[in-house]
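Dumped start.cif below, it's mmCIF, C-alpha atoms:
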data_query
#
loop_
_atom_site.group_PDB
_atom_site.id
_atom_site.type_symbol
_atom_site.label_atom_id
_atom_site.label_comp_id
_atom_site.auth_asym_id
_atom_site.auth_seq_id
_atom_site.Cartn_x
_atom_site.Cartn_y
_atom_site.Cartn_z
ATOM 1 C CA MET A 4 -35.523 0.338 15.845
ATOM 2 C CA LYS A 5 -33.919 0.657 12.429
ATOM 3 C CA LEU A 6 -34.346 -2.221 10.006
ATOM 4 C CA ASN A 7 -30.904 -1.797 8.446
ATOM 5 C CA ASP A 8 -29.136 -1.539 11.842
ATOM 6 C CA PRO A 9 -31.440 -3.078 14.452
ATOM 7 C CA PHE A 10 -28.896 -3.217 17.279
ATOM 8 C CA GLY A 11 -27.138 0.066 16.528
ATOM 9 C CA ARG A 12 -23.781 -1.564 15.810
ATOM 10 C CA MET A 13 -23.002 0.472 12.712
ATOM 11 C CA GLU A 14 -24.075 3.694 14.400
ATOM 12 C CA ARG A 15 -21.693 2.986 17.299
ATOM 13 C CA ARG A 16 -18.897 2.086 14.876
ATOM 14 C CA HIS A 17 -19.416 5.329 12.965
ATOM 15 C CA GLN A 18 -19.473 7.297 16.231
ATOM 16 C CA VAL A 19 -16.166 5.763 17.328
ATOM 17 C CA GLY A 20 -14.666 6.458 13.883
ATOM 18 C CA TYR A 21 -15.827 10.075 14.011
ATOM 19 C CA GLU A 22 -14.437 10.574 17.509
ATOM 20 C CA ALA A 23 -11.065 9.166 16.467
ATOM 21 C CA LEU A 24 -10.949 11.460 13.433
ATOM 22 C CA ARG A 25 -12.064 14.463 15.505
ATOM 23 C CA ASP A 26 -9.342 13.829 18.066
ATOM 24 C CA SER A 27 -6.764 13.428 15.312
ATOM 25 C CA LEU A 28 -7.802 16.680 13.628
ATOM 26 C CA ASN A 29 -7.687 18.517 16.957
ATOM 27 C CA ARG A 30 -4.202 17.106 17.722
ATOM 28 C CA ASN A 31 -3.009 18.275 14.306
ATOM 29 C CA ASN A 32 -4.459 21.773 14.808
ATOM 30 C CA ILE A 33 -6.968 21.610 11.962
ATOM 31 C CA ASP A 34 -9.147 24.486 13.140
ATOM 32 C CA THR A 35 -10.392 26.108 9.940
ATOM 33 C CA VAL A 36 -13.069 25.046 7.504
ATOM 34 C CA GLU A 37 -10.599 25.392 4.622
ATOM 35 C CA GLY A 38 -8.107 23.103 6.382
ATOM 36 C CA ALA A 39 -10.810 20.481 6.877
ATOM 37 C CA ARG A 40 -11.943 20.771 3.251
ATOM 38 C CA LYS A 41 -8.321 20.274 2.180
ATOM 39 C CA ILE A 42 -8.341 16.990 4.120
ATOM 40 C CA ILE A 43 -11.398 15.909 2.105
ATOM 41 C CA ARG A 44 -9.752 16.868 -1.207
ATOM 42 C CA ASP A 45 -6.515 15.081 -0.298
ATOM 43 C CA THR A 46 -8.396 11.953 0.760
ATOM 44 C CA LYS A 47 -10.361 11.855 -2.504
ATOM 45 C CA MET A 48 -7.141 12.344 -4.472
ATOM 46 C CA ARG A 49 -5.390 9.488 -2.626
ATOM 47 C CA ALA A 50 -8.373 7.192 -3.197
ATOM 48 C CA ALA A 51 -8.489 8.071 -6.905
ATOM 49 C CA LYS A 52 -4.749 7.434 -7.270
ATOM 50 C CA PHE A 53 -5.096 4.068 -5.541
ATOM 51 C CA VAL A 54 -8.021 3.012 -7.732
ATOM 52 C CA ALA A 55 -6.115 4.103 -10.867
ATOM 53 C CA GLY A 56 -3.014 2.203 -9.723
ATOM 54 C CA ALA A 57 -5.065 -0.882 -8.936
ATOM 55 C CA GLY A 58 -6.667 -0.691 -12.384
ATOM 56 C CA ALA A 59 -3.233 -0.407 -13.968
ATOM 57 C CA ALA A 60 -2.038 -3.424 -11.974
ATOM 58 C CA LEU A 61 -5.063 -5.370 -13.156
ATOM 59 C CA LEU A 62 -4.411 -4.400 -16.777
ATOM 60 C CA LEU A 63 -0.744 -5.326 -16.453
ATOM 61 C CA THR A 64 -1.708 -8.695 -14.977
ATOM 62 C CA TYR A 65 -4.089 -9.275 -17.877
ATOM 63 C CA LEU A 66 -1.366 -8.489 -20.403
ATOM 64 C CA LEU A 67 1.524 -10.380 -18.766
ATOM 65 C CA MET A 68 -0.047 -13.243 -16.808
ATOM 66 C CA PRO A 69 -3.672 -13.798 -17.830
ATOM 67 C CA SER A 70 -3.902 -16.983 -15.774
ATOM 68 C CA PHE A 71 -3.582 -14.917 -12.561
ATOM 69 C CA LEU A 72 -6.285 -12.461 -13.590
ATOM 70 C CA VAL A 73 -9.056 -13.964 -11.442
ATOM 71 C CA GLY A 74 -6.994 -13.941 -8.239
ATOM 72 C CA VAL A 75 -5.516 -10.503 -8.783
ATOM 73 C CA GLY A 76 -8.895 -9.200 -9.910
ATOM 74 C CA ALA A 77 -10.557 -10.384 -6.717
ATOM 75 C CA VAL A 78 -7.904 -8.692 -4.576
ATOM 76 C CA VAL A 79 -8.148 -5.476 -6.619
ATOM 77 C CA VAL A 80 -11.945 -5.378 -6.355
ATOM 78 C CA LEU A 81 -11.941 -6.025 -2.598
ATOM 79 C CA THR A 82 -9.228 -3.486 -1.805
ATOM 80 C CA GLY A 83 -10.778 -0.962 -4.190
ATOM 81 C CA ALA A 84 -14.135 -1.294 -2.446
ATOM 82 C CA TRP A 85 -12.409 -0.913 0.929
ATOM 83 C CA VAL A 86 -10.575 2.250 -0.180
ATOM 84 C CA ILE A 87 -13.729 3.783 -1.632
ATOM 85 C CA THR A 88 -15.672 3.035 1.554
ATOM 86 C CA TRP A 89 -12.822 4.480 3.614
ATOM 87 C CA ALA A 90 -12.873 7.686 1.530
ATOM 88 C CA ILE A 91 -16.665 8.044 1.750
ATOM 89 C CA ASN A 92 -16.677 7.553 5.520
ATOM 90 C CA GLY A 93 -13.744 9.929 5.909
ATOM 91 C CA GLU A 94 -15.571 12.605 3.950
ATOM 92 C CA ARG A 95 -18.691 12.041 6.046
ATOM 93 C CA TYR A 96 -16.723 12.351 9.292
ATOM 94 C CA VAL A 97 -14.850 15.493 8.210
ATOM 95 C CA THR A 98 -18.105 17.097 7.032
ATOM 96 C CA ARG A 99 -19.626 16.320 10.424
ATOM 97 C CA PHE A 100 -16.517 17.800 12.082
ATOM 98 C CA ILE A 101 -16.991 20.990 10.062
ATOM 99 C CA LYS A 102 -20.663 21.237 11.037
ATOM 100 C CA GLU A 103 -20.252 20.412 14.727
ATOM 101 C CA GLU A 104 -16.835 21.750 15.679
ATOM 102 C CA LEU A 105 -15.868 24.485 13.234
ATOM 103 C CA SER A 106 -19.215 26.046 12.370
ATOM 104 C CA GLY A 107 -20.329 26.250 15.975
ATOM 105 C CA GLY A 108 -23.144 23.774 15.419
ATOM 106 C CA ARG A 109 -24.502 21.615 18.177
ATOM 107 C CA PRO A 110 -24.017 17.836 18.248
ATOM 108 C CA GLN A 111 -26.820 15.822 16.710
ATOM 109 C CA SER A 112 -28.093 14.524 20.058
ATOM 110 C CA ASP A 113 -28.675 18.111 21.221
ATOM 111 C CA GLN A 114 -30.522 19.143 18.035
ATOM 112 C CA THR A 115 -33.369 16.694 18.607
ATOM 113 C CA GLY A 116 -34.408 18.431 21.812
ATOM 114 C CA THR A 117 -33.250 15.608 24.070
ATOM 115 C CA THR A 118 -30.045 15.662 26.026
#

Target format structure tokens, applied to this file:
Amino acid sequence: MKLNDPFGRMERRHQVGYEALRDSLNRNNIDTVEGARKIIRDTKMRAAKFVAGAGAALLLTYLLMPSFLVGVGAVVVLTGAWVITWAINGERYVTRFIKEELSGGRPQSDQTGTT
């Protein structure tokens, strides 16, 4: 039993997320390591652009309507955290896809010796 995920909920959620991404990559014919790495680069670039845009929106709010800064700031921080988490998980899933599907590696459950 893991202390940070005692009932395995997060592990199941990550497994479902990985399977959805894997199916999507297979449907879109991403079958090379370079193609998968391009997905990672594009995802990081989109996340960086969003965070920069959100920062600009926050600065603009501060300059034009300082009384709304707290509300807009809260929304920017929450959505920024969500986008960063989304990008990190996406990178993790694509890296796992590269290891398991494209590099000919075995799934993690098979590597432990149990099936």

Spatial neighbours of region 45-62 of chain A, 7 Å, only C-alpha atoms, chain gap at least 3 places, as a list of chain:residue names: A:Lys41, A:Ile42, A:Tyr65, A:Leu66, A:Val75, A:Gly76, A:Val79, A:Gly83, A:Val86, A:Ile87, A:Ala90

Neighbour list for region 5-20 of chain A as a PyMOL selection string, cut-off 12 Å, all atoms listed in the file, skip fewer than 2 positions in-chain: chain A and resi 22-27+89+91-97+99-100+110-112

If the box runs along x, y and z of the file and leaves 4 Å on each side of region 27-32 of chain A, what are its centre and edge lengths in Å, one decimal, as JSON?
{"center_x": -5.4, "center_y": 17.6, "center_z": 15.7, "size_x": 12.8, "size_y": 16.3, "size_z": 12.1}

d(CA of Ile101 (chain A), CA of Arg40 (chain A)) in Å: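 Pair CA of Ile101 (chain A) / CA of Arg40 (chain A) returns 8.5 Å.
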
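Counting from CA of Gly38 (chain A), the distance to CA of Ala84 (chain A) is 26.6 Å.
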
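Note that CA of Trp85 (chain A) and CA of Lys102 (chain A) are 25.7 Å apart.
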